[in-house]
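Below is the file final_7.csv, which contains CSV, C-alpha atoms and all ligand atoms.
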```csv
chain,number,residue,atom,x,y,z
A,1388,MET,CA,19.4,-5.5,-12.2
A,1389,ALA,CA,20.4,-5.0,-15.9
A,1390,THR,CA,20.9,-7.7,-18.4
A,1391,ILE,CA,24.6,-8.1,-19.1
A,1392,LEU,CA,25.3,-7.8,-22.8
A,1393,ASP,CA,28.1,-10.4,-23.1
A,1394,GLY,CA,30.3,-9.3,-26.0
A,1395,LEU,CA,32.9,-12.0,-25.3
A,1396,ALA,CA,30.3,-14.8,-25.7
A,1397,LEU,CA,28.9,-13.2,-28.8
A,1398,SER,CA,32.4,-12.8,-30.3
A,1399,LYS,CA,32.9,-16.6,-29.9
A,1400,ILE,CA,29.9,-17.2,-32.0
A,1401,VAL,CA,31.1,-14.7,-34.6
A,1402,ARG,CA,34.6,-16.1,-34.6
A,1403,ALA,CA,33.2,-19.7,-35.1
A,1404,GLU,CA,31.3,-18.3,-38.2
A,1405,LEU,CA,34.5,-16.6,-39.4
A,1406,ALA,CA,36.4,-19.9,-39.2
A,1407,GLU,CA,33.8,-21.4,-41.5
A,1408,ARG,CA,34.0,-18.5,-44.0
A,1409,VAL,CA,37.8,-18.8,-43.9
A,1410,ALA,CA,37.7,-22.5,-44.6
A,1411,ALA,CA,35.4,-21.9,-47.6
A,1412,LEU,CA,37.8,-19.4,-49.0
A,1413,LYS,CA,40.8,-21.7,-48.4
A,1414,ALA,CA,38.9,-24.4,-50.4
A,1415,LYS,CA,39.0,-21.9,-53.3
A,1416,GLY,CA,42.8,-21.3,-52.8
A,1417,ILE,CA,42.4,-18.0,-51.0
A,1418,THR,CA,43.8,-17.5,-47.4
A,1419,PRO,CA,42.4,-14.3,-45.9
A,1420,ARG,CA,45.3,-12.0,-45.0
A,1421,LEU,CA,45.1,-9.0,-42.6
A,1422,ASP,CA,48.3,-7.1,-42.4
A,1423,VAL,CA,49.0,-4.7,-39.5
A,1424,VAL,CA,51.0,-1.5,-39.2
A,1425,VAL,CA,51.8,-0.8,-35.5
A,1426,ALA,CA,53.9,1.5,-33.4
A,1427,ALA,CA,56.4,-1.0,-32.0
A,1428,GLN,CA,57.3,1.3,-29.0
A,1429,ASP,CA,53.7,1.5,-27.7
A,1430,PRO,CA,53.1,-1.4,-25.4
A,1431,ALA,CA,49.3,-1.0,-25.4
A,1432,SER,CA,49.1,-1.0,-29.2
A,1433,VAL,CA,51.4,-4.1,-29.3
A,1434,ALA,CA,49.2,-5.9,-26.8
A,1435,TYR,CA,46.0,-5.0,-28.7
A,1436,VAL,CA,47.6,-6.2,-32.0
A,1437,ASN,CA,48.8,-9.4,-30.4
A,1438,MET,CA,45.2,-10.2,-29.4
A,1439,LYS,CA,43.9,-9.4,-32.9
A,1440,LYS,CA,46.7,-11.6,-34.4
A,1441,LYS,CA,45.9,-14.5,-32.1
A,1442,TRP,CA,42.2,-14.5,-32.9
A,1443,ALA,CA,42.9,-14.1,-36.6
A,1444,ALA,CA,45.2,-17.1,-36.6
A,1445,ALA,CA,42.6,-19.1,-34.6
A,1446,ALA,CA,40.1,-18.4,-37.4
A,1447,GLY,CA,42.7,-19.6,-40.0
A,1448,MET,CA,43.8,-16.2,-41.3
A,1449,ILE,CA,47.3,-15.0,-41.9
A,1450,GLY,CA,49.0,-11.6,-41.7
A,1451,GLU,CA,52.3,-9.8,-41.7
A,1452,GLN,CA,53.3,-7.1,-39.1
A,1453,PHE,CA,55.0,-3.9,-40.1
A,1454,GLU,CA,56.6,-2.1,-37.2
A,1455,ILE,CA,57.1,1.6,-37.2
A,1456,ASP,CA,58.9,3.7,-34.6
A,1457,ASP,CA,60.2,7.2,-33.8
A,1458,ASN,CA,62.7,6.9,-36.7
A,1459,THR,CA,60.1,6.0,-39.4
A,1460,THR,CA,59.6,8.9,-41.8
A,1461,GLN,CA,56.2,9.9,-43.3
A,1462,GLN,CA,57.4,8.8,-46.7
A,1463,GLU,CA,58.4,5.4,-45.4
A,1464,LEU,CA,55.0,4.9,-43.9
A,1465,ILE,CA,53.2,6.0,-47.1
A,1466,ASP,CA,55.5,3.5,-49.0
A,1467,ILE,CA,54.5,0.6,-46.7
A,1468,ILE,CA,50.8,1.5,-47.3
A,1469,GLY,CA,51.5,1.7,-51.0
A,1470,GLN,CA,53.0,-1.8,-51.0
A,1471,LEU,CA,50.1,-3.2,-49.1
A,1472,ASN,CA,47.6,-1.5,-51.5
A,1473,ALA,CA,49.4,-3.0,-54.5
A,1474,ASN,CA,49.8,-6.6,-53.1
A,1475,PRO,CA,46.8,-8.7,-54.2
A,1476,GLU,CA,47.5,-11.3,-51.5
A,1477,VAL,CA,46.8,-8.7,-48.8
A,1478,HIS,CA,43.0,-8.4,-48.3
A,1479,GLY,CA,42.8,-6.1,-45.2
A,1480,VAL,CA,45.1,-3.6,-43.5
A,1481,LEU,CA,44.9,-2.3,-40.0
A,1482,LEU,CA,46.8,0.9,-39.1
A,1483,GLN,CA,46.8,0.5,-35.3
A,1484,HIS,CA,45.9,3.8,-33.6
A,1485,PRO,CA,47.8,5.7,-32.4
A,1486,LEU,CA,50.8,6.0,-34.7
A,1487,PRO,CA,54.0,7.7,-33.4
A,1488,LYS,CA,53.2,11.4,-32.8
A,1489,HIS,CA,55.5,12.8,-35.5
A,1490,LEU,CA,53.5,10.9,-38.2
A,1491,ASP,CA,50.4,12.3,-39.9
A,1492,GLU,CA,47.7,9.6,-39.3
A,1493,ASN,CA,45.2,11.3,-41.5
A,1494,ALA,CA,47.6,11.3,-44.5
A,1495,ALA,CA,48.2,7.6,-43.9
A,1496,LEU,CA,44.5,6.8,-43.8
A,1497,LEU,CA,44.0,8.8,-47.0
A,1498,ALA,CA,46.7,6.7,-48.6
A,1499,LEU,CA,45.0,3.4,-47.7
A,1500,GLY,CA,42.7,1.8,-50.3
A,1501,ALA,CA,39.1,1.7,-49.0
A,1502,GLU,CA,38.7,-1.9,-50.4
A,1503,LYS,CA,41.4,-3.0,-47.8
A,1504,ASP,CA,40.2,-0.8,-44.9
A,1505,ALA,CA,39.2,-3.6,-42.5
A,1506,ASP,CA,39.0,-1.1,-39.6
A,1507,GLY,CA,36.5,1.1,-41.6
A,1508,ILE,CA,38.2,4.4,-40.5
A,1509,THR,CA,39.6,5.9,-43.7
A,1510,PRO,CA,37.9,9.1,-44.9
A,1511,ALA,CA,36.5,7.1,-47.9
A,1512,SER,CA,34.9,4.5,-45.6
A,1513,LEU,CA,33.4,7.2,-43.3
A,1514,GLY,CA,32.2,9.0,-46.4
A,1515,ARG,CA,30.4,5.9,-47.6
A,1516,LEU,CA,28.8,5.5,-44.2
A,1517,THR,CA,27.6,9.1,-44.2
A,1518,ALA,CA,26.2,8.7,-47.8
A,1519,GLY,CA,24.5,5.4,-46.9
A,1520,LEU,CA,26.6,3.5,-49.4
A,1521,ASP,CA,28.0,0.0,-49.1
A,1522,GLY,CA,31.5,-0.1,-47.6
A,1523,PHE,CA,33.5,-1.3,-44.6
A,1524,ARG,CA,32.0,0.0,-41.4
A,1525,CYS,CA,34.1,1.2,-38.5
A,1526,ALA,CA,34.9,-1.9,-36.3
A,1527,THR,CA,34.0,-0.7,-32.8
A,1528,PRO,CA,30.6,0.8,-33.7
A,1529,LEU,CA,29.9,-2.1,-36.0
A,1530,GLY,CA,30.6,-4.5,-33.1
A,1531,ILE,CA,28.2,-2.5,-30.9
A,1532,THR,CA,25.4,-2.8,-33.5
A,1533,LYS,CA,26.0,-6.6,-33.6
A,1534,ILE,CA,25.6,-6.6,-29.8
A,1535,LEU,CA,22.3,-4.6,-30.1
A,1536,ASP,CA,21.0,-7.0,-32.8
A,1537,HIS,CA,22.0,-10.1,-30.9
A,1538,TYR,CA,20.1,-9.0,-27.9
A,1539,ASN,CA,17.1,-7.8,-30.0
A,1540,ILE,CA,17.5,-4.2,-28.8
A,1541,ASP,CA,15.5,-2.2,-31.4
A,1542,VAL,CA,16.7,1.5,-31.4
A,1543,THR,CA,14.0,2.6,-33.9
A,1544,GLY,CA,12.4,5.9,-32.7
A,1545,LYS,CA,14.4,5.7,-29.4
A,1546,ARG,CA,16.5,8.6,-28.0
A,1547,ALA,CA,20.2,7.7,-28.3
A,1548,LEU,CA,23.0,9.7,-26.8
A,1549,VAL,CA,26.6,9.1,-27.9
A,1550,ILE,CA,29.2,10.7,-25.7
A,1551,GLY,CA,32.3,11.3,-27.8
A,1552,ARG,CA,32.8,12.5,-31.4
A,1553,SER,CA,36.0,10.9,-32.5
A,1554,HIS,CA,36.1,9.7,-36.1
A,1555,ILE,CA,36.9,6.1,-35.1
A,1556,LEU,CA,34.1,5.8,-32.6
A,1557,GLY,CA,31.6,8.6,-31.6
A,1558,LYS,CA,30.8,10.0,-35.0
A,1559,PRO,CA,30.4,6.7,-36.9
A,1560,MET,CA,28.4,5.3,-33.9
A,1561,ALA,CA,26.0,8.2,-34.1
A,1562,LEU,CA,25.6,7.7,-37.9
A,1563,MET,CA,25.0,3.9,-37.5
A,1564,LEU,CA,22.3,4.6,-34.8
A,1565,LEU,CA,20.8,7.2,-37.2
A,1566,GLU,CA,20.8,4.6,-40.0
A,1567,ARG,CA,18.8,2.4,-37.6
A,1568,ASN,CA,16.3,5.2,-37.1
A,1569,ALA,CA,17.2,6.3,-33.6
A,1570,THR,CA,16.9,9.9,-32.7
A,1571,VAL,CA,20.5,10.7,-32.0
A,1572,THR,CA,22.4,13.3,-30.0
A,1573,ILE,CA,26.2,13.6,-29.8
A,1574,ALA,CA,27.7,14.9,-26.6
A,1575,HIS,CA,31.3,16.0,-26.2
A,1576,SER,CA,33.6,18.0,-23.9
A,1577,LYS,CA,31.7,21.2,-24.4
A,1578,THR,CA,28.2,19.8,-23.9
A,1579,LEU,CA,26.3,21.5,-21.1
A,1580,ASP,CA,24.4,19.5,-18.5
A,1581,LEU,CA,25.7,16.2,-19.7
A,1582,ALA,CA,24.2,14.2,-16.8
A,1583,ASP,CA,20.7,15.6,-17.7
A,1584,ARG,CA,21.2,14.7,-21.4
A,1585,CYS,CA,22.2,11.2,-20.3
A,1586,ARG,CA,19.1,10.8,-18.2
A,1587,GLU,CA,17.0,11.4,-21.4
A,1588,ALA,CA,18.6,8.6,-23.3
A,1589,ASP,CA,17.0,5.2,-24.0
A,1590,ILE,CA,20.3,4.1,-25.6
A,1591,LEU,CA,23.5,5.6,-24.0
A,1592,VAL,CA,26.9,5.0,-25.7
A,1593,ALA,CA,29.9,6.2,-23.7
A,1594,ALA,CA,33.0,6.6,-25.9
A,1595,VAL,CA,34.9,9.2,-23.9
A,1596,GLY,CA,38.1,7.8,-22.4
A,1597,ARG,CA,37.4,8.9,-18.8
A,1598,ALA,CA,37.3,6.2,-16.2
A,1599,GLU,CA,33.8,5.7,-14.7
A,1600,MET,CA,32.6,9.2,-15.7
A,1601,VAL,CA,29.0,8.1,-16.3
A,1602,LYS,CA,27.4,7.3,-12.9
A,1603,GLY,CA,24.3,5.2,-12.1
A,1604,ASP,CA,22.2,8.3,-11.3
A,1605,TRP,CA,22.9,9.7,-14.8
A,1606,ILE,CA,21.1,6.8,-16.4
A,1607,LYS,CA,17.4,6.6,-17.3
A,1608,PRO,CA,15.9,3.5,-15.6
A,1609,GLY,CA,15.7,0.7,-18.1
A,1610,ALA,CA,18.1,2.3,-20.6
A,1611,THR,CA,20.6,0.3,-22.7
A,1612,VAL,CA,24.1,1.3,-21.7
A,1613,ILE,CA,27.0,0.6,-24.0
A,1614,ASP,CA,30.5,1.2,-22.5
A,1615,ALA,CA,33.2,1.5,-25.2
A,1616,GLY,CA,35.7,3.0,-22.8
A,1617,TYR,CA,39.1,1.4,-22.0
A,1618,ASN,CA,41.0,3.3,-19.4
A,1619,LYS,CA,44.1,2.5,-17.4
A,1620,VAL,CA,43.8,3.5,-13.8
A,1621,GLU,CA,46.8,3.6,-11.5
A,1622,GLY,CA,46.6,0.9,-8.8
A,1623,ARG,CA,43.8,-1.0,-10.6
A,1624,LYS,CA,44.4,-4.2,-12.7
A,1625,GLY,CA,43.1,-4.3,-16.3
A,1626,ASP,CA,41.0,-1.8,-18.1
A,1627,VAL,CA,38.2,0.4,-16.6
A,1628,GLY,CA,35.2,1.6,-18.6
A,1629,ASP,CA,33.7,5.0,-19.0
A,1630,VAL,CA,30.7,3.9,-17.0
A,1631,HIS,CA,30.6,3.3,-13.3
A,1632,PHE,CA,29.5,-0.3,-13.7
A,1633,GLU,CA,28.4,-1.1,-10.1
A,1634,SER,CA,26.0,1.8,-9.9
A,1635,ALA,CA,24.9,1.7,-13.5
A,1636,VAL,CA,24.0,-2.0,-13.5
A,1637,GLU,CA,21.3,-1.3,-10.8
A,1638,VAL,CA,19.5,1.2,-13.0
A,1639,ALA,CA,20.0,0.2,-16.6
A,1640,GLY,CA,17.9,-2.3,-18.5
A,1641,ALA,CA,21.0,-3.7,-20.2
A,1642,ILE,CA,24.7,-3.0,-20.0
A,1643,THR,CA,28.0,-4.0,-21.5
A,1644,PRO,CA,30.7,-4.9,-19.0
A,1645,VAL,CA,34.4,-3.9,-19.3
A,1646,PRO,CA,36.2,-6.1,-20.1
A,1647,GLY,CA,34.1,-8.6,-22.0
A,1648,GLY,CA,31.7,-6.2,-23.8
A,1649,VAL,CA,32.6,-3.9,-26.7
A,1650,GLY,CA,36.3,-4.8,-26.9
A,1651,PRO,CA,35.9,-8.5,-28.1
A,1652,MET,CA,33.2,-7.5,-30.7
A,1653,THR,CA,35.5,-4.8,-32.0
A,1654,VAL,CA,38.2,-7.4,-32.8
A,1655,ALA,CA,35.6,-9.8,-34.2
A,1656,SER,CA,34.2,-7.1,-36.5
A,1657,LEU,CA,37.7,-6.1,-37.7
A,1658,LEU,CA,38.4,-9.7,-38.7
A,1659,SER,CA,35.0,-10.1,-40.2
A,1660,ASN,CA,35.6,-7.0,-42.4
A,1661,ALA,CA,39.0,-8.5,-43.5
A,1662,VAL,CA,37.3,-11.8,-44.4
A,1663,THR,CA,34.6,-9.9,-46.4
A,1664,ALA,CA,37.4,-8.2,-48.3
A,1665,ALA,CA,38.9,-11.6,-49.2
A,1666,GLU,CA,35.4,-12.9,-50.2
A,1667,LYS,CA,35.0,-9.8,-52.5
A,1668,SER,CA,38.4,-10.5,-54.1
A,1669,VAL,CA,37.1,-13.8,-55.5
A,1670,SER,CA,33.5,-12.7,-56.4
B,1701,LIG,P1,39.1,10.4,-28.2
B,1701,LIG,O1,39.5,10.5,-29.7
B,1701,LIG,O2,40.0,10.9,-27.2
B,1701,LIG,O3,37.7,11.1,-28.1
B,1701,LIG,C1,37.0,11.3,-26.8
B,1701,LIG,C2,35.8,12.0,-27.0
B,1701,LIG,O4,35.2,12.2,-25.7
B,1701,LIG,C3,36.0,13.4,-27.6
B,1701,LIG,O5,35.0,13.7,-28.6
B,1701,LIG,C4,35.8,14.4,-26.4
B,1701,LIG,O6,35.2,15.6,-26.7
B,1701,LIG,C5,34.9,13.6,-25.5
B,1701,LIG,N1,35.1,14.0,-24.1
B,1701,LIG,C6,36.2,14.0,-23.4
B,1701,LIG,N2,36.0,14.5,-22.2
B,1701,LIG,C7,34.6,14.6,-22.1
B,1701,LIG,C8,33.8,15.0,-21.0
B,1701,LIG,N3,34.2,15.4,-19.8
B,1701,LIG,N4,32.5,15.1,-21.3
B,1701,LIG,C9,32.0,14.8,-22.5
B,1701,LIG,N5,32.7,14.4,-23.5
B,1701,LIG,C10,34.0,14.3,-23.3
B,1701,LIG,O7,38.8,8.9,-27.8
B,1701,LIG,P2,38.3,7.6,-28.7
B,1701,LIG,O8,39.4,7.2,-29.5
B,1701,LIG,O9,37.0,7.9,-29.4
B,1701,LIG,O10,38.1,6.6,-27.6
B,1701,LIG,C11,37.1,6.8,-26.5
B,1701,LIG,C12,37.2,5.6,-25.5
B,1701,LIG,O11,36.9,4.4,-26.2
B,1701,LIG,C13,38.6,5.4,-24.9
B,1701,LIG,O12,38.5,4.9,-23.6
B,1701,LIG,C14,39.2,4.3,-25.8
B,1701,LIG,O13,40.2,3.6,-25.1
B,1701,LIG,C15,38.0,3.5,-26.1
B,1701,LIG,N6,38.1,2.7,-27.3
B,1701,LIG,C16,37.7,1.4,-27.2
B,1701,LIG,C17,37.7,0.6,-28.3
B,1701,LIG,C18,37.2,-0.8,-28.1
B,1701,LIG,O14,37.5,-1.7,-28.9
B,1701,LIG,N7,36.4,-1.0,-27.1
B,1701,LIG,C19,38.1,1.0,-29.5
B,1701,LIG,C20,38.5,2.4,-29.6
B,1701,LIG,C21,38.5,3.2,-28.5
B,1701,LIG,P3,35.9,16.7,-27.7
B,1701,LIG,O15,35.7,16.2,-29.1
B,1701,LIG,O16,35.1,17.9,-27.4
B,1701,LIG,O17,37.3,16.8,-27.2
```

Output the file's structure in the form of structure tokens.
Amino acid sequence: MATILDGLALSKIVRAELAERVAALKAKGITPRLDVVVAAQDPASVAYVNMKKKWAAAAGMIGEQFEIDDNTTQQELIDIIGQLNANPEVHGVLLQHPLPKHLDENAALLALGAEKDADGITPASLGRLTAGLDGFRCATPLGITKILDHYNIDVTGKRALVIGRSHILGKPMALMLLERNATVTIAHSKTLDLADRCREADILVAAVGRAEMVKGDWIKPGATVIDAGYNKVEGRKGDVGDVHFESAVEVAGAITPVPGGVGPMTVASLLSNAVTAAEKSVS
């Protein structure tokens, strides 16, 4: 039976540390502020943002919300980002993915200043990661590395397989594992023999968006399994991961549950990046 990698419990520790960092900043007259741009007509985005706002407020942070919708023009979105870039009271900005379909998300991310990129997903932040330079790391893979560290899972020299190559998750995850000296393979929808590739992996990160795709018999006995997936399945309550937990937990050495694994540490890492941005503004 695998060790359960409890991201929710770890996020509580990180959030308690955050509250202390926020209090120290407030003593210097700075209140960390994370502003959010969200598609108001997308209930899932609004729900994720509400949770992020709740945890930010609990840590003592503040933030404004900018709602965009099907009537928002690209220029209006760029203008909002321009105002946030220019406002010294705003330390971090989250552009909640996905934006309404008619808007160009890449152009919006290109417009956002890297020093306020709390989610670590602008091309500038991803470039800094690729070049091994200091910068904000992408929140979801950053949260995953915090889980690995907390549970003393050393990836050095190990075979890591990341399933998924999105710029917000799979690619930066692979780069962060590489930075930690894992031997990394990235799988995607065109990968042949995916189950066999999974069986070779000591560290398996599923970032696919397909409910319970990775089965227990795809997993190398004793492997560390990180499930980043959040999928809605008709007739089932809550979110379902990319890994079939019940079979995987019998084979893996360690595994993140869904919910309570990667998700809470994504939020904690986003808030931590925003507080770091505020700390940098006074140093
Ligand atoms: P995405 O942009 O849709 O990317 C999915 C990736 O999976 C793509 O690279 C795709 O390959 C690959 N893929 C799709 N079907 C596959 C298959 N049958 N076999 C192998 N690879 C396959 O998704 P994303 O934004 O990275 O998100 C992935 C999952 O993580 C989703 O469930 C999402 O909800 C979740 N997520 C969780 C958090 C969190 O905080 N926990 C944060 C963000 C996302 P191609 O590139 O070839 O199309």

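Note that the spacing between atom CA of Phe1632 of chain A and atom CA of Val1601 of chain A amounts to 8.8 Å.
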
Protein and nucleic acid residues within 10 Å of ligand LIG 1701 (chain B) (all atoms listed in the file) as a PyMOL selection string: chain A and resi 1435+1484-1485+1525-1528+1530-1531+1549-1558+1573-1582+1593-1598+1600-1601+1614-1619+1626-1629+1645-1657

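Across A:Met1563, A:Ala1444, A:Val1433, A:Ala1641, the tightest approach to Asn1539 of chain A is made by A:Ala1641 when counting only C-alpha atoms.
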
Selected residue of minimal separation from Lys1545 of chain A among A:Thr1517, A:Thr1532, A:Thr1611, A:Thr1643, counting all atoms listed in the file: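 Smallest distance to Lys1545 of chain A is found for A:Thr1611.
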
Of the listed residues A:Ile1590, A:Ala1446, A:Ile1534, A:Ala1547, that which approaches Ala1610 of chain A most closely, counting only C-alpha atoms: A:Ile1590
